[in-house]
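What follows is model21.pdb (PDB, C-alpha atoms).
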ATOM      1  CA  MET F   1       9.569 174.887 109.278
ATOM      2  CA  LYS F   2       6.583 175.444 111.549
ATOM      3  CA  THR F   3       4.226 172.527 112.130
ATOM      4  CA  SER F   4       0.650 172.220 113.377
ATOM      5  CA  ALA F   5      -0.474 168.988 115.030
ATOM      6  CA  VAL F   6      -4.063 167.847 114.437
ATOM      7  CA  ILE F   7      -5.705 165.371 116.830
ATOM      8  CA  VAL F   8      -9.223 164.037 116.275
ATOM      9  CA  THR F   9     -10.866 162.808 119.476
ATOM     10  CA  TYR F  10     -14.075 161.220 120.677
ATOM     11  CA  ASN F  11     -14.603 160.319 124.346
ATOM     12  CA  ARG F  12     -11.117 159.021 125.132
ATOM     13  CA  LEU F  13     -10.125 161.687 127.623
ATOM     14  CA  GLU F  14      -7.326 159.948 129.512
ATOM     15  CA  MET F  15      -5.596 158.911 126.302
ATOM     16  CA  LEU F  16      -6.104 162.379 124.819
ATOM     17  CA  LYS F  17      -4.393 163.937 127.828
ATOM     18  CA  GLU F  18      -1.384 161.718 127.213
ATOM     19  CA  VAL F  19      -1.241 162.674 123.537
ATOM     20  CA  ILE F  20      -1.389 166.413 124.270
ATOM     21  CA  THR F  21       1.276 166.099 126.977
ATOM     22  CA  ALA F  22       3.530 164.218 124.547
ATOM     23  CA  LEU F  23       3.116 166.982 121.967
ATOM     24  CA  GLN F  24       3.879 169.641 124.555
ATOM     25  CA  ASN F  25       7.048 167.730 125.478
ATOM     26  CA  SER F  26       8.215 167.244 121.892
ATOM     27  CA  ALA F  27      11.905 168.060 121.499
ATOM     28  CA  THR F  28      10.872 170.020 118.398
ATOM     29  CA  PRO F  29       7.914 172.183 119.430
ATOM     30  CA  VAL F  30       4.740 172.337 117.362
ATOM     31  CA  SER F  31       3.356 175.787 116.609
ATOM     32  CA  HIS F  32      -0.294 174.818 117.069
ATOM     33  CA  ILE F  33      -2.053 171.875 118.689
ATOM     34  CA  ILE F  34      -5.407 171.649 116.906
ATOM     35  CA  VAL F  35      -7.849 169.358 118.719
ATOM     36  CA  VAL F  36     -10.989 168.389 116.816
ATOM     37  CA  ASP F  37     -13.620 167.182 119.297
ATOM     38  CA  ASN F  38     -16.211 164.971 117.601
ATOM     39  CA  ALA F  39     -19.019 165.917 120.019
ATOM     40  CA  SER F  40     -17.465 164.225 123.055
ATOM     41  CA  ASP F  41     -19.164 164.178 126.448
ATOM     42  CA  GLU F  42     -18.822 166.945 129.042
ATOM     43  CA  PRO F  43     -15.589 165.741 130.735
ATOM     44  CA  THR F  44     -13.656 166.052 127.454
ATOM     45  CA  GLN F  45     -15.201 169.448 126.711
ATOM     46  CA  HIS F  46     -14.349 170.713 130.201
ATOM     47  CA  TYR F  47     -10.730 169.566 129.960
ATOM     48  CA  LEU F  48     -10.144 171.004 126.489
ATOM     49  CA  ARG F  49     -11.751 174.356 127.307
ATOM     50  CA  GLY F  50      -9.569 174.507 130.408
ATOM     51  CA  LEU F  51      -6.428 174.417 128.273
ATOM     52  CA  GLY F  52      -7.261 177.848 126.906
ATOM     53  CA  SER F  53      -4.707 179.201 124.454
ATOM     54  CA  GLU F  54      -2.494 176.107 124.771
ATOM     55  CA  ILE F  55      -4.565 174.523 121.997
ATOM     56  CA  ASP F  56      -6.852 175.430 119.124
ATOM     57  CA  TYR F  57     -10.118 173.788 120.177
ATOM     58  CA  LEU F  58     -12.593 172.838 117.430
ATOM     59  CA  ARG F  59     -15.801 171.567 118.987
ATOM     60  CA  LEU F  60     -18.113 169.771 116.521
ATOM     61  CA  GLU F  61     -21.796 169.597 117.424
ATOM     62  CA  THR F  62     -22.245 166.074 116.030
ATOM     63  CA  ASN F  63     -19.908 163.134 115.600
ATOM     64  CA  ILE F  64     -18.970 163.217 111.915
ATOM     65  CA  GLY F  65     -16.410 160.424 112.217
ATOM     66  CA  GLY F  66     -12.676 160.443 111.883
ATOM     67  CA  ALA F  67     -12.916 161.452 108.217
ATOM     68  CA  GLY F  68     -15.008 164.532 109.005
ATOM     69  CA  GLY F  69     -12.778 165.344 111.956
ATOM     70  CA  PHE F  70      -9.598 165.334 109.882
ATOM     71  CA  ASN F  71     -11.360 167.338 107.184
ATOM     72  CA  ALA F  72     -12.185 169.993 109.798
ATOM     73  CA  GLY F  73      -8.720 169.897 111.370
ATOM     74  CA  ILE F  74      -6.817 170.245 108.109
ATOM     75  CA  ARG F  75      -9.179 173.004 106.990
ATOM     76  CA  HIS F  76      -8.424 174.880 110.226
ATOM     77  CA  PHE F  77      -4.686 174.412 109.658
ATOM     78  CA  MET F  78      -4.976 175.808 106.132
ATOM     79  CA  GLU F  79      -7.246 178.742 106.947
ATOM     80  CA  ASN F  80      -6.033 179.809 110.396
ATOM     81  CA  THR F  81      -2.265 179.225 110.453
ATOM     82  CA  ASN F  82       0.747 179.961 108.287
ATOM     83  CA  ASP F  83       2.511 176.751 109.313
ATOM     84  CA  GLU F  84       4.283 174.852 106.562
ATOM     85  CA  PHE F  85       3.405 171.329 107.721
ATOM     86  CA  VAL F  86       0.503 169.548 109.401
ATOM     87  CA  TRP F  87       1.075 166.458 111.570
ATOM     88  CA  LEU F  88      -2.014 164.227 111.776
ATOM     89  CA  MET F  89      -2.763 161.711 114.553
ATOM     90  CA  ASP F  90      -5.501 159.854 116.391
ATOM     91  CA  ASP F  91      -6.254 160.423 120.070
ATOM     92  CA  ASP F  92      -4.414 157.220 121.021
ATOM     93  CA  THR F  93      -1.211 158.069 119.143
ATOM     94  CA  ILE F  94       1.653 158.866 121.508
ATOM     95  CA  PRO F  95       4.506 160.702 119.750
ATOM     96  CA  HIS F  96       8.033 160.186 121.002
ATOM     97  CA  PRO F  97      10.125 163.270 121.822
ATOM     98  CA  ASP F  98      12.118 162.971 118.576
ATOM     99  CA  THR F  99       9.301 161.894 116.226
ATOM    100  CA  LEU F 100       8.627 165.275 114.664
ATOM    101  CA  GLN F 101      12.301 166.086 114.212
ATOM    102  CA  SER F 102      12.853 162.748 112.466
ATOM    103  CA  LEU F 103      10.049 163.544 110.027
ATOM    104  CA  LEU F 104      11.352 167.049 109.392
ATOM    105  CA  ASP F 105      14.934 165.804 108.944
ATOM    106  CA  PHE F 106      13.813 163.401 106.246
ATOM    107  CA  SER F 107      11.717 166.091 104.556
ATOM    108  CA  GLU F 108      14.930 168.015 103.882
ATOM    109  CA  THR F 109      16.441 165.084 101.977
ATOM    110  CA  VAL F 110      13.766 164.953  99.254
ATOM    111  CA  SER F 111      12.791 167.609  96.747
ATOM    112  CA  ASP F 112       9.073 167.036  97.264
ATOM    113  CA  PHE F 113       6.778 164.572  99.018
ATOM    114  CA  GLY F 114       3.097 163.748  99.218
ATOM    115  CA  PHE F 115       3.236 162.482 102.804
ATOM    116  CA  LEU F 116       5.630 161.126 105.423
ATOM    117  CA  ALA F 117       4.448 158.255 107.619
ATOM    118  CA  SER F 118       5.817 157.193 110.996
ATOM    119  CA  ASP F 119       6.757 153.711 112.130
ATOM    120  CA  VAL F 120       3.704 152.908 114.271
ATOM    121  CA  ARG F 121       4.338 150.469 117.138
ATOM    122  CA  TRP F 122       2.047 148.900 119.689
ATOM    123  CA  THR F 123       2.759 149.002 123.420
ATOM    124  CA  ASP F 124       4.879 145.828 123.189
ATOM    125  CA  GLY F 125       7.185 147.404 120.601
ATOM    126  CA  HIS F 126       5.906 145.415 117.603
ATOM    127  CA  ARG F 127       4.381 147.072 114.551
ATOM    128  CA  THR F 128       0.629 147.592 114.825
ATOM    129  CA  LYS F 129      -1.340 145.411 112.411
ATOM    130  CA  MET F 130      -3.731 148.253 111.601
ATOM    131  CA  ASN F 131      -0.825 150.485 110.534
ATOM    132  CA  ASN F 132       1.457 148.131 108.625
ATOM    133  CA  PRO F 133       2.882 150.235 105.768
ATOM    134  CA  ALA F 134       2.284 149.167 102.151
ATOM    135  CA  PRO F 135       5.354 149.715  99.925
ATOM    136  CA  LYS F 136       4.691 150.978  96.439
ATOM    137  CA  GLY F 137       4.954 148.274  93.783
ATOM    138  CA  SER F 138       5.162 145.369  96.228
ATOM    139  CA  LEU F 139       2.756 142.911  97.813
ATOM    140  CA  LYS F 140       5.011 142.531 100.862
ATOM    141  CA  ARG F 141       4.821 144.738 103.939
ATOM    142  CA  VAL F 142       7.737 146.751 105.331
ATOM    143  CA  PRO F 143       9.700 144.519 107.762
ATOM    144  CA  GLU F 144       9.867 145.556 111.401
ATOM    145  CA  ASN F 145      13.655 145.920 111.275
ATOM    146  CA  GLN F 146      13.576 148.324 108.316
ATOM    147  CA  GLU F 147      16.100 151.128 108.895
ATOM    148  CA  THR F 148      15.935 153.098 105.643
ATOM    149  CA  PRO F 149      12.970 155.047 104.237
ATOM    150  CA  VAL F 150      10.683 153.327 101.745
ATOM    151  CA  GLU F 151       8.287 154.781  99.182
ATOM    152  CA  LEU F 152       4.702 153.835 100.059
ATOM    153  CA  LEU F 153       1.456 153.327  98.207
ATOM    154  CA  ASN F 154      -0.552 154.770 101.098
ATOM    155  CA  ALA F 155      -0.527 155.301 104.867
ATOM    156  CA  THR F 156      -2.806 156.002 107.820
ATOM    157  CA  PHE F 157      -3.496 159.135 109.850
ATOM    158  CA  VAL F 158      -1.618 157.646 112.817
ATOM    159  CA  SER F 159       1.297 160.116 112.709
ATOM    160  CA  LEU F 160       1.380 161.481 109.172
ATOM    161  CA  LEU F 161       3.157 164.645 108.021
ATOM    162  CA  MET F 162       1.902 166.631 105.028
ATOM    163  CA  SER F 163       2.778 170.022 103.584
ATOM    164  CA  ARG F 164       0.581 173.034 102.973
ATOM    165  CA  LYS F 165       1.713 172.911  99.342
ATOM    166  CA  ILE F 166       0.375 169.410  98.743
ATOM    167  CA  ILE F 167      -2.948 170.130 100.472
ATOM    168  CA  CYS F 168      -3.433 173.159  98.237
ATOM    169  CA  GLN F 169      -3.155 170.788  95.290
ATOM    170  CA  ILE F 170      -5.240 167.809  96.447
ATOM    171  CA  GLY F 171      -7.852 169.327  98.762
ATOM    172  CA  LEU F 172      -9.202 167.871 102.009
ATOM    173  CA  PRO F 173     -10.091 164.347 103.204
ATOM    174  CA  ILE F 174     -13.555 163.151 102.184
ATOM    175  CA  SER F 175     -15.914 163.692 105.127
ATOM    176  CA  GLU F 176     -18.490 161.291 103.670
ATOM    177  CA  PHE F 177     -16.130 158.367 104.256
ATOM    178  CA  PHE F 178     -17.008 158.810 107.972
ATOM    179  CA  ILE F 179     -14.606 156.081 109.120
ATOM    180  CA  TRP F 180     -12.197 153.626 107.503
ATOM    181  CA  GLY F 181     -10.244 154.301 104.379
ATOM    182  CA  ASP F 182     -10.313 158.097 104.449
ATOM    183  CA  ASP F 183      -6.571 158.131 105.163
ATOM    184  CA  ILE F 184      -5.839 155.489 102.497
ATOM    185  CA  GLU F 185      -7.754 157.460  99.860
ATOM    186  CA  TYR F 186      -6.170 160.745 100.949
ATOM    187  CA  THR F 187      -2.580 159.522 100.947
ATOM    188  CA  GLU F 188      -3.064 157.798  97.597
ATOM    189  CA  ARG F 189      -4.451 161.074  96.255
ATOM    190  CA  ALA F 190      -1.316 162.810  97.547
ATOM    191  CA  SER F 191       1.016 160.158  96.117
ATOM    192  CA  ARG F 192      -0.365 160.811  92.642
ATOM    193  CA  VAL F 193       1.178 164.288  92.946
ATOM    194  CA  ALA F 194       4.414 163.471  94.810
ATOM    195  CA  PRO F 195       5.825 160.297  96.401
ATOM    196  CA  GLY F 196       4.973 159.347  99.975
ATOM    197  CA  TYR F 197       7.488 157.748 102.306
ATOM    198  CA  PHE F 198       7.770 155.552 105.378
ATOM    199  CA  VAL F 199      10.261 157.102 107.821
ATOM    200  CA  PRO F 200      11.457 154.361 110.215
ATOM    201  CA  ALA F 201      13.279 156.764 112.530
ATOM    202  CA  ALA F 202       9.995 158.580 113.299
ATOM    203  CA  LYS F 203       8.418 156.143 115.733
ATOM    204  CA  VAL F 204       5.166 156.576 117.670
ATOM    205  CA  THR F 205       3.235 154.325 120.046
ATOM    206  CA  HIS F 206      -0.344 153.501 119.051
ATOM    207  CA  LYS F 207      -2.122 152.571 122.276
ATOM    208  CA  MET F 208      -4.932 150.482 120.833
ATOM    209  CA  ALA F 209      -6.604 148.143 123.312
ATOM    210  CA  THR F 210      -5.404 145.122 121.330
ATOM    211  CA  ASN F 211      -3.036 144.721 118.400
ATOM    212  CA  VAL F 212      -5.420 143.091 115.948
ATOM    213  CA  GLY F 213      -6.486 143.863 112.409
ATOM    214  CA  SER F 214     -10.065 144.342 111.222
ATOM    215  CA  ASN F 215     -12.072 141.285 110.149
ATOM    216  CA  ILE F 216     -15.801 141.335 109.429
ATOM    217  CA  MET F 217     -16.049 137.582 110.047
ATOM    218  CA  ILE F 218     -15.016 137.711 113.712
ATOM    219  CA  ASP F 219     -15.565 141.288 114.869
ATOM    220  CA  ASP F 220     -18.197 141.979 117.540
ATOM    221  CA  MET F 221     -21.669 142.623 116.131
ATOM    222  CA  ASP F 222     -21.799 146.063 117.724
ATOM    223  CA  ARG F 223     -18.892 147.018 115.423
ATOM    224  CA  VAL F 224     -19.944 145.178 112.265
ATOM    225  CA  GLY F 225     -22.079 148.055 110.989
ATOM    226  CA  ARG F 226     -18.880 150.045 110.434
ATOM    227  CA  TYR F 227     -17.811 147.596 107.743
ATOM    228  CA  TYR F 228     -20.404 149.176 105.460
ATOM    229  CA  ASN F 229     -18.108 152.210 105.300
ATOM    230  CA  SER F 230     -15.056 150.003 104.907
ATOM    231  CA  TYR F 231     -16.291 148.183 101.803
ATOM    232  CA  ARG F 232     -18.049 151.164 100.252
ATOM    233  CA  ASN F 233     -14.900 153.244 100.638
ATOM    234  CA  LYS F 234     -12.617 150.466  99.339
ATOM    235  CA  ILE F 235     -14.689 150.224  96.172
ATOM    236  CA  TYR F 236     -14.418 153.998  95.703
ATOM    237  CA  TYR F 237     -10.692 154.406  96.135
ATOM    238  CA  GLY F 238      -9.963 151.145  94.326
ATOM    239  CA  LYS F 239     -11.552 152.695  91.225
ATOM    240  CA  LYS F 240      -9.032 155.538  91.392
ATOM    241  CA  ARG F 241      -6.036 153.226  91.110
ATOM    242  CA  PRO F 242      -4.335 152.176  87.872
ATOM    243  CA  PHE F 243      -5.748 149.039  86.227
ATOM    244  CA  LEU F 244      -3.556 146.513  88.042
ATOM    245  CA  GLY F 245      -4.072 148.215  91.400
ATOM    246  CA  ARG F 246      -7.821 148.229  90.898
ATOM    247  CA  MET F 247      -7.808 144.541  90.009
ATOM    248  CA  LYS F 248      -5.859 143.726  93.183
ATOM    249  CA  SER F 249      -8.257 145.802  95.295
ATOM    250  CA  ASP F 250     -11.327 144.137  93.770
ATOM    251  CA  ALA F 251      -9.738 140.707  94.213
ATOM    252  CA  ARG F 252      -9.186 141.312  97.946
ATOM    253  CA  ILE F 253     -12.829 142.316  98.372
ATOM    254  CA  ALA F 254     -13.959 139.232  96.419
ATOM    255  CA  ILE F 255     -11.795 137.009  98.634
ATOM    256  CA  ASP F 256     -13.364 138.554 101.757
ATOM    257  CA  LEU F 257     -16.815 137.883 100.320
ATOM    258  CA  VAL F 258     -16.031 134.242  99.491
ATOM    259  CA  LYS F 259     -14.557 133.675 102.951
ATOM    260  CA  LEU F 260     -17.616 135.155 104.638
ATOM    261  CA  ILE F 261     -19.912 132.920 102.588
ATOM    262  CA  SER F 262     -17.915 129.689 102.881
ATOM    263  CA  THR F 263     -16.135 129.704 106.258
ATOM    264  CA  PRO F 264     -17.919 127.394 108.753
ATOM    265  CA  ASN F 265     -19.417 128.604 112.026
ATOM    266  CA  ILE F 266     -19.614 132.340 111.330
ATOM    267  CA  SER F 267     -21.812 133.992 113.936
ATOM    268  CA  GLN F 268     -24.753 135.891 112.371
ATOM    269  CA  ARG F 269     -23.396 135.309 108.891
ATOM    270  CA  GLN F 270     -26.430 136.756 107.079
ATOM    271  CA  ALA F 271     -26.282 140.055 108.967
ATOM    272  CA  ARG F 272     -22.574 140.413 108.220
ATOM    273  CA  LEU F 273     -23.083 139.488 104.578
ATOM    274  CA  LYS F 274     -25.883 142.029 104.162
ATOM    275  CA  ILE F 275     -23.655 144.843 105.453
ATOM    276  CA  MET F 276     -20.753 143.861 103.206
ATOM    277  CA  LEU F 277     -22.907 143.591 100.067
ATOM    278  CA  LYS F 278     -24.612 146.918 100.728
ATOM    279  CA  GLY F 279     -21.200 148.586 101.081
ATOM    280  CA  ILE F 280     -19.971 147.044  97.832
ATOM    281  CA  VAL F 281     -23.084 148.051  95.866
ATOM    282  CA  ASP F 282     -23.159 151.583  97.253
ATOM    283  CA  GLY F 283     -19.441 151.969  96.539
ATOM    284  CA  LEU F 284     -20.089 151.514  92.832
ATOM    285  CA  LYS F 285     -22.257 154.667  92.771
ATOM    286  CA  PHE F 286     -20.438 156.633  95.498
ATOM    287  CA  LYS F 287     -19.253 159.973  94.039
ATOM    288  CA  PRO F 288     -18.262 162.360  96.850
ATOM    289  CA  VAL F 289     -17.107 165.889  96.064
ATOM    290  CA  ILE F 290     -13.506 166.813  96.957
ATOM    291  CA  GLU F 291     -13.511 169.940  99.128
ATOM    292  CA  PHE F 292     -10.775 172.552  99.309
ATOM    293  CA  ALA F 293      -9.886 174.998 102.059
ATOM    294  CA  SER F 294     -10.830 178.612 101.489
ATOM    295  CA  THR F 295      -8.216 180.721  99.780
ATOM    296  CA  ASP F 296      -9.602 183.791 101.543
ATOM    297  CA  LYS F 297      -7.779 183.213 104.826
ATOM    298  CA  PRO F 298      -8.473 185.399 107.856
ATOM    299  CA  GLU F 299      -5.598 187.151 109.549
ATOM    300  CA  THR F 300      -3.179 184.434 110.676
ATOM    301  CA  ARG F 301      -1.057 184.178 113.768
TER     302      ARG F 301
END
Could you show the structure in this file as structure tokens?
Amino acid sequence: MKTSAVIVTYNRLEMLKEVITALQNSATPVSHIIVVDNASDEPTQHYLRGLGSEIDYLRLETNIGGAGGFNAGIRHFMENTNDEFVWLMDDDTIPHPDTLQSLLDFSETVSDFGFLASDVRWTDGHRTKMNNPAPKGSLKRVPENQETPVELLNATFVSLLMSRKIICQIGLPISEFFIWGDDIEYTERASRVAPGYFVPAAKVTHKMATNVGSNIMIDDMDRVGRYYNSYRNKIYYGKKRPFLGRMKSDARIAIDLVKLISTPNISQRQARLKIMLKGIVDGLKFKPVIEFASTDKPETR
């Protein structure tokens, strides 16, 4: 069961080095390390080119966001390898030596799966708030002491295993998402074909600067523009859910909107509100095309 690892990076060289080293030291080797460089500065380019044949280096000429990066990385996996699985991660995701083997071991216990998600922990050992798994059919999150696998509604690209078979069926992540929600939409798309699972034995460390969730009301203004993508994308993938799931998704967005309007002492409230409303309105008419990898593969290795 050969596996390619896909890392999407943008100007986080020291962390990227740690991720690549961790993959090279995996107890279960990966067949290909595919690094998608979202137009990083010269130091990152120099380092990655210096690795030569140790990696598959995909240099993008412009930053097309995490969504575009994973689209490119998965496409490369499909069109340039024969590996059975692809293992997706950010450039601050540090795999443990046994992470891949834990994912592969679980894959042998189920007849089919849409995705397998790791237990993502912060540097202090607690679950990261940005990667708290959502069980299917429940409003509660998976507890930190969970020891048995759980079927999920969706998951993030912070250590996610998928099969070539499922990607052939569902296509590639939506590049137009740019950031935020591309992984949620993609894993929900996969789970409509086969169930996705949380695998607690497959732990990774997500070295975010701080273990905090996203919140348009308190985030720094230099980041608030990104929430346009967040709300536009939430509207889009919420529409793809069954009726009850769509109602829950719309209700969460409505609650965010009410909080932003009514909570006292919000810095630059009008600017934040304008971004949120534009995302919501544009999400109602957002109709991206699902891309598929080419079936005319070049000679593989």
Stretch 277-293 of chain F surroundings by all atoms listed in the file, 8 Å radius, close-in-sequence under 5 positions cut, as a ChimeraX atom specification: /F:75,78-79,168,170-174,176,227-236
Residues near F:Ala134, cut-off 12 Å, all atoms listed in the file, skip fewer than 2 positions along chain, as a VMD selection string: chain F and resid 117 119 129 to 132 136 to 143 150 to 156 184 187 to 188 196 to 198
Hits from the PyMOL selection byres ((chain F and resi 204-209) around 7), listed as a list in words: Asp92, Thr93, Ile94, Pro95, His96, Thr99, Ser118, Asp119, Val120, Arg121, Trp122, Thr123, Ala202, Lys203, Thr210 and Asn211 of chain F
Separation of atom CA of F:Ile216 from atom CA of F:Phe243 in Å: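 Those two atoms sit 26.4 Å apart.
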One-decimal distance in Å that lies between atom CA of F:Pro29 and atom CA of F:Tyr186: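 Value for the atom CA of F:Tyr186-atom CA of F:Pro29 distance: 25.9 Å.
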Residue among F:Lys2, F:Lys239, F:Arg226, F:Lys17 lying closest to F:Ser31, counting all atoms listed in the file: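 Of F:Lys2, F:Lys239, F:Arg226, F:Lys17, the one nearest F:Ser31, counting all atoms listed in the file, is F:Lys2.
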Output check: residues returned by the PyMOL selection byres ((chain F and resi 109-113) around 12), as number ranges by chain: F: 85, 102-108, 114-117, 149, 151-152, 160-167, 187, 190-199
Atom CA of F:Met276 to atom CA of F:Asp256, distance in Å rounded to a single decimal: 9.2 Å
Within 12 Å of stretch 41-43 of chain F using all atoms listed in the file, minus same-chain residues under 6 positions, as a ChimeraX atom specification: /F:9-14,16-17,49-50,59-63
Adding 6 Å on each side of the box along x, y and z that holds all listed atoms of stretch 184-196 of chain F, could you give its centre and edge lengths in Å to one decimal, as AutoDock Vina command-line options?
--center_x -1.0 --center_y 159.9 --center_z 97.6 --size_x 25.6 --size_y 20.8 --size_z 21.9
Output check: residues returned by the PyMOL selection byres ((chain F and resi 260-270) around 12), as a list in words: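 On the file shown, the PyMOL selection byres ((chain F and resi 260-270) around 12) covers Asn215, Ile216, Met217, Ile218, Asp219, Asp220, Met221, Asp222, Val224, Ile253, Ala254, Ile255, Asp256, Leu257, Val258, Lys259, Ala271, Arg272, Leu273, Lys274, Ile275, Met276 and Leu277 of chain F.
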Near-F:Phe178 list (9 Å; only C-alpha atoms; drop same-chain fewer than 5 positions) as a PDB file with C-alpha atoms, keeping the file's coordinate frame:
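Below is the file that was written, selection.pdb:
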ATOM      1  CA  ILE F  64     -18.970 163.217 111.915  1.00  0.00           C
ATOM      2  CA  GLY F  65     -16.410 160.424 112.217  1.00  0.00           C
ATOM      3  CA  GLY F  66     -12.676 160.443 111.883  1.00  0.00           C
ATOM      4  CA  ALA F  67     -12.916 161.452 108.217  1.00  0.00           C
ATOM      5  CA  GLY F  68     -15.008 164.532 109.005  1.00  0.00           C
ATOM      6  CA  GLY F  69     -12.778 165.344 111.956  1.00  0.00           C
ATOM      7  CA  ASN F 229     -18.108 152.210 105.300  1.00  0.00           C
TER       8      ASN F 229
END
Shell of 10 Å around F:Arg241, all atoms listed in the file, local chain residues under 6 positions omitted, as a list in words: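 The filter keeps Glu185, Glu188, Arg189, Arg192, Met247, Lys248 and Ser249 of chain F.
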Shortest interatomic distance to F:Phe157 - which of F:Tyr57, F:Tyr47, F:Trp180, F:Tyr237, counting only C-alpha atoms: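 Using only C-alpha atoms, the shortest distance to F:Phe157 belongs to F:Trp180.
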Of the listed residues F:Ala201, F:Trp87, F:Val8, F:Gln101, that which approaches F:Ile179 most closely, counting only C-alpha atoms: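 Ranking F:Ala201, F:Trp87, F:Val8, F:Gln101 by distance to F:Ile179, first place goes to F:Val8.
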Kindly output stretch 96-107 of chain F as a JSON list (two decimals), keeping the file's coordinate frame, after building N, CA and C atoms.
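Output file rebuild_14.json is given in full below:
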[["chain", "number", "residue", "atom", "x", "y", "z"],
["F", 96, "HIS", "N", 6.82, 160.19, 120.21],
["F", 96, "HIS", "CA", 8.03, 160.19, 121.00],
["F", 96, "HIS", "C", 8.66, 161.58, 120.93],
["F", 97, "PRO", "N", 9.55, 161.92, 121.84],
["F", 97, "PRO", "CA", 10.12, 163.27, 121.82],
["F", 97, "PRO", "C", 10.80, 163.65, 120.51],
["F", 98, "ASP", "N", 11.37, 162.66, 119.80],
["F", 98, "ASP", "CA", 12.12, 162.97, 118.58],
["F", 98, "ASP", "C", 11.34, 162.67, 117.30],
["F", 99, "THR", "N", 10.06, 162.30, 117.41],
["F", 99, "THR", "CA", 9.30, 161.89, 116.23],
["F", 99, "THR", "C", 9.22, 163.00, 115.19],
["F", 100, "LEU", "N", 8.81, 164.18, 115.61],
["F", 100, "LEU", "CA", 8.63, 165.28, 114.66],
["F", 100, "LEU", "C", 9.95, 165.65, 114.01],
["F", 101, "GLN", "N", 11.01, 165.71, 114.79],
["F", 101, "GLN", "CA", 12.30, 166.09, 114.21],
["F", 101, "GLN", "C", 12.76, 165.06, 113.19],
["F", 102, "SER", "N", 12.48, 163.78, 113.44],
["F", 102, "SER", "CA", 12.85, 162.75, 112.47],
["F", 102, "SER", "C", 12.10, 162.93, 111.15],
["F", 103, "LEU", "N", 10.82, 163.29, 111.24],
["F", 103, "LEU", "CA", 10.05, 163.54, 110.03],
["F", 103, "LEU", "C", 10.58, 164.77, 109.28],
["F", 104, "LEU", "N", 10.86, 165.82, 110.02],
["F", 104, "LEU", "CA", 11.35, 167.05, 109.39],
["F", 104, "LEU", "C", 12.74, 166.85, 108.79],
["F", 105, "ASP", "N", 13.60, 166.08, 109.48],
["F", 105, "ASP", "CA", 14.93, 165.80, 108.94],
["F", 105, "ASP", "C", 14.84, 165.10, 107.60],
["F", 106, "PHE", "N", 13.94, 164.11, 107.52],
["F", 106, "PHE", "CA", 13.81, 163.40, 106.25],
["F", 106, "PHE", "C", 13.24, 164.31, 105.17],
["F", 107, "SER", "N", 12.33, 165.20, 105.55],
["F", 107, "SER", "CA", 11.72, 166.09, 104.56],
["F", 107, "SER", "C", 12.76, 166.94, 103.83]]
